[in-house]
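Asks: First, the structure itself, so that you have it in front of you.
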Amino acid sequence: MIRGLYTSSAGMQVEQLRQEAIANNLANLNTAGFRRDLAIMEARKGLKLSRTHIPTGAGPEAGTKRQEIGTVGTGVMVQRMVKDFSQGDMHETENPFDLGLQGKGFFTVQGANGQTFYSRDGQFTRSKDGTMVDKAGNKLMGLAGPVVVNGKLEIGTDGTIAVNGRRIDRLALVQFDNADADLAKHGDTMFQDVGRTGPKPATGLEVHQGTLEGANVNSVQEMVHMIAALRQYEANQKAAQSQDETLARAVNDIAK
């Protein structure tokens, strides 16, 4: 009975984590380049059940033995949070500083302290000195360094940067062999490299100027998942309450 309380509690914890992930996905529904999170669940390690004191032999040689007869489940747990890097919808803005990515890969941006981040958020602006920066002030990087624009900007689908018709650089577009394992979230739209292999030049990635890639979040799908998580939470909650009431009767009534 106590084991049942722990099992129900474990189920409630899992559904709470799922709710938090879904709520964050919905909160970033309109965040350019946002990548949704998914909670991956697995069964907790089961407890072995054994039959004890099984008679063996007869007479002076008699004894007992123990025999395993199976396992009993102890509930579920969140194994890990997975980042979904599927493509988001593209939206035209006609702003020359908005850049949308089509395919697998990331922009490279540089933080205020020189840190390197990777992002799908292509909503850039031009700072006072002409440097292209994102909403947080991180600098958009080209192969030769931060991208500085002092004129009419043109960016080709391969990331080639031209100002006033003259090619000056190319965007530092990268990809990862296993983005989910190699990248850790930093804020809503940026990622840090925590893998061992490091980034490599992106292949098959297209840049669309005057376009933004939206979040890869489907609001209807997320709401369905949220309702399902809520119902499962309530089911575990009722199971825990039922077991608690039964345990109370066993202690207070049967013991008398």
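Order determines the names: the first chain of the structure tokens is A, the second B, and so forth; residues in each chain are numbered 1 upward, and ligands are numbered 1 upward as they are shown.
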I want to know what sits within 6 Å of range 48-55 of chain A, based on only C-alpha atoms, with residues of the same chain fewer than 4 positions away left out; could you give that as number ranges by chain?

Replies: A: 63-71

Asks: Write out the residues from the selection above, keeping C-alpha atoms, as a short mmCIF file (atom, residue, chain, number, x, y, z; two decimals), in the first residue's frame.

Replies:
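This went into again.cif:
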```cif
data_model
loop_
_atom_site.label_atom_id
_atom_site.label_comp_id
_atom_site.auth_asym_id
_atom_site.auth_seq_id
_atom_site.Cartn_x
_atom_site.Cartn_y
_atom_site.Cartn_z
CA GLY A 63 15.94 -26.86 4.23
CA THR A 64 14.44 -23.89 2.48
CA LYS A 65 15.26 -21.84 -0.57
CA ARG A 66 14.32 -18.57 -2.17
CA GLN A 67 12.86 -18.27 -5.67
CA GLU A 68 12.33 -15.13 -7.74
CA ILE A 69 8.82 -14.97 -9.16
CA GLY A 70 8.85 -11.62 -11.01
CA THR A 71 8.97 -7.89 -10.52
#
```

Asks: Using DSSP on the backbone coordinates, identify the residues of range 10-180 of chain A assigned to alpha helix (DSSP H); present them as an MDAnalysis selection string.

Replies: chainID A and resid 10:27 179:180

Asks: Tell me, as a PyMOL selection string, which residues lie within 10 Å of range 205-217 of chain A, counting only C-alpha atoms; anything in the same chain fewer than 6 positions away does not count.

Replies: chain A and resi 22+25-37+84-107+120-123+153-160+171+173-175+189

Asks: Take the residues from that selection and write them out as a CSV table (one decimal), in the first residue's frame, keeping C-alpha atoms.

Replies:
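result_22.csv, freshly written:
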```csv
chain,number,residue,atom,x,y,z
A,22,ILE,CA,4.2,22.3,-22.5
A,25,ASN,CA,6.3,25.8,-25.4
A,26,LEU,CA,3.0,27.7,-25.6
A,27,ALA,CA,4.5,30.8,-24.0
A,28,ASN,CA,7.0,30.9,-26.9
A,29,LEU,CA,4.5,30.3,-29.6
A,30,ASN,CA,5.4,33.6,-31.3
A,31,THR,CA,9.1,33.6,-30.6
A,32,ALA,CA,11.1,33.4,-33.8
A,33,GLY,CA,13.4,30.4,-34.0
A,34,PHE,CA,12.2,28.8,-30.8
A,35,ARG,CA,12.6,25.1,-30.5
A,36,ARG,CA,10.0,23.1,-28.4
A,37,ASP,CA,10.9,20.7,-25.6
A,84,ASP,CA,12.8,19.2,-31.1
A,85,PHE,CA,14.8,20.7,-34.0
A,86,SER,CA,12.2,20.2,-36.7
A,87,GLN,CA,11.6,23.1,-39.1
A,88,GLY,CA,9.3,26.0,-38.2
A,89,ASP,CA,7.0,27.9,-40.5
A,90,MET,CA,8.5,30.6,-42.6
A,91,HIS,CA,6.9,34.1,-42.6
A,92,GLU,CA,7.8,37.0,-45.0
A,93,THR,CA,8.5,40.3,-43.3
A,94,GLU,CA,10.3,42.2,-46.2
A,95,ASN,CA,12.7,43.5,-43.6
A,96,PRO,CA,16.2,43.1,-45.1
A,97,PHE,CA,17.7,42.3,-41.6
A,98,ASP,CA,15.3,39.4,-41.0
A,99,LEU,CA,16.9,36.1,-42.0
A,100,GLY,CA,15.1,32.8,-42.1
A,101,LEU,CA,16.8,29.4,-42.2
A,102,GLN,CA,15.5,26.5,-44.2
A,103,GLY,CA,17.1,23.2,-43.4
A,104,LYS,CA,19.3,21.9,-40.6
A,105,GLY,CA,21.8,24.4,-39.1
A,106,PHE,CA,22.3,27.5,-37.0
A,107,PHE,CA,23.5,31.1,-37.1
A,120,ARG,CA,17.7,29.8,-35.3
A,121,ASP,CA,16.3,33.3,-34.5
A,122,GLY,CA,17.0,35.4,-37.5
A,123,GLN,CA,15.4,38.6,-36.2
A,153,LEU,CA,22.4,44.6,-47.4
A,154,GLU,CA,22.0,41.6,-49.7
A,155,ILE,CA,22.3,38.0,-48.4
A,156,GLY,CA,22.2,35.1,-50.8
A,157,THR,CA,20.6,31.7,-50.0
A,158,ASP,CA,24.1,30.3,-49.4
A,159,GLY,CA,24.8,32.9,-46.7
A,160,THR,CA,26.9,35.2,-49.0
A,171,LEU,CA,27.5,33.9,-42.7
A,173,LEU,CA,26.4,28.8,-40.7
A,174,VAL,CA,27.0,25.6,-38.8
A,175,GLN,CA,25.4,22.3,-38.0
A,189,THR,CA,16.4,30.8,-28.6
```

Asks: Give the strand (DSSP E) residues of range 69-232 of chain A, as assigned by DSSP on the backbone, as an MDAnalysis selection string.

Replies: chainID A and resid 69:72 76:83 90:92 99:102 107:110 116:119 125:126 132:133 139:142 145:146 153:155 160:163 166:170 174:175 183:186 190:193 200:201 206:209 211:213

Asks: Please determine, counting only C-alpha atoms, which residue among A:Asn138, A:Val14, A:Gly151, A:Thr108 has the shortest atom-to-atom distance to Asp193 in chain A.

Replies: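 Of the candidates, the smallest distance to Asp193 in chain A is held by A:Thr108.
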
Asks: Name the residues in contact with Asp177 in chain A at a cut-off of 10 Å, using only C-alpha atoms, excluding same-chain residues fewer than 6 positions from it; report them as a list in words.

Replies: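 Everything that qualifies: Gly195, Thr197, Gly198, Pro199 and Lys200 of chain A.
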
Asks: Restricting it to C-alpha atoms, dump the selection as a PDB file, in the first residue's frame.

Replies:
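Full text of out-v9.pdb as output:
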```pdb
ATOM      1  CA  GLY A 195      29.383  18.209 -27.080  1.00  0.00           C
ATOM      2  CA  THR A 197      32.686  16.836 -31.759  1.00  0.00           C
ATOM      3  CA  GLY A 198      31.948  20.559 -32.152  1.00  0.00           C
ATOM      4  CA  PRO A 199      30.160  22.319 -35.009  1.00  0.00           C
ATOM      5  CA  LYS A 200      30.909  21.862 -38.684  1.00  0.00           C
TER       6      LYS A 200
END
```

Asks: Show me, as a compact mmCIF listing (two decimals) with N, CA and C atoms, in the first residue's frame, the residues that have an atom within 8 Å of range 125-135 of chain A when counting only C-alpha atoms, minus same-chain residues fewer than 6 positions from it.

Replies:
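Result file is part.txt:
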```txt
# COMPACT_ATOMS: atom_id res chain seq x y z
N PHE A 97 16.86 42.86 -42.72
CA PHE A 97 17.68 42.35 -41.62
C PHE A 97 17.07 41.09 -40.98
N ASP A 98 15.89 40.67 -41.46
CA ASP A 98 15.29 39.42 -41.00
C ASP A 98 15.79 38.29 -41.89
N PRO A 146 32.41 39.55 -36.85
CA PRO A 146 31.07 40.14 -36.78
C PRO A 146 30.69 40.80 -38.11
N VAL A 147 29.41 40.66 -38.47
CA VAL A 147 28.92 41.23 -39.72
C VAL A 147 28.62 42.71 -39.52
N VAL A 148 29.31 43.57 -40.28
CA VAL A 148 29.13 45.02 -40.21
C VAL A 148 28.53 45.49 -41.53
N VAL A 149 27.42 46.21 -41.45
CA VAL A 149 26.71 46.65 -42.64
C VAL A 149 26.57 48.16 -42.63
N ASN A 150 27.15 48.82 -43.61
CA ASN A 150 27.02 50.27 -43.76
C ASN A 150 26.58 50.59 -45.20
```

Asks: What is the distance between CA of Gln192 in chain A and CA of Met223 in chain A, in Å to one decimal?

Replies: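 Value for the CA of Gln192 in chain A-CA of Met223 in chain A distance: 29.2 Å.
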
Asks: So what do you get for CA of Gly114 in chain A versus CA of Lys139 in chain A, distance-wise?

Replies: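 A separation of 9.6 Å between them.
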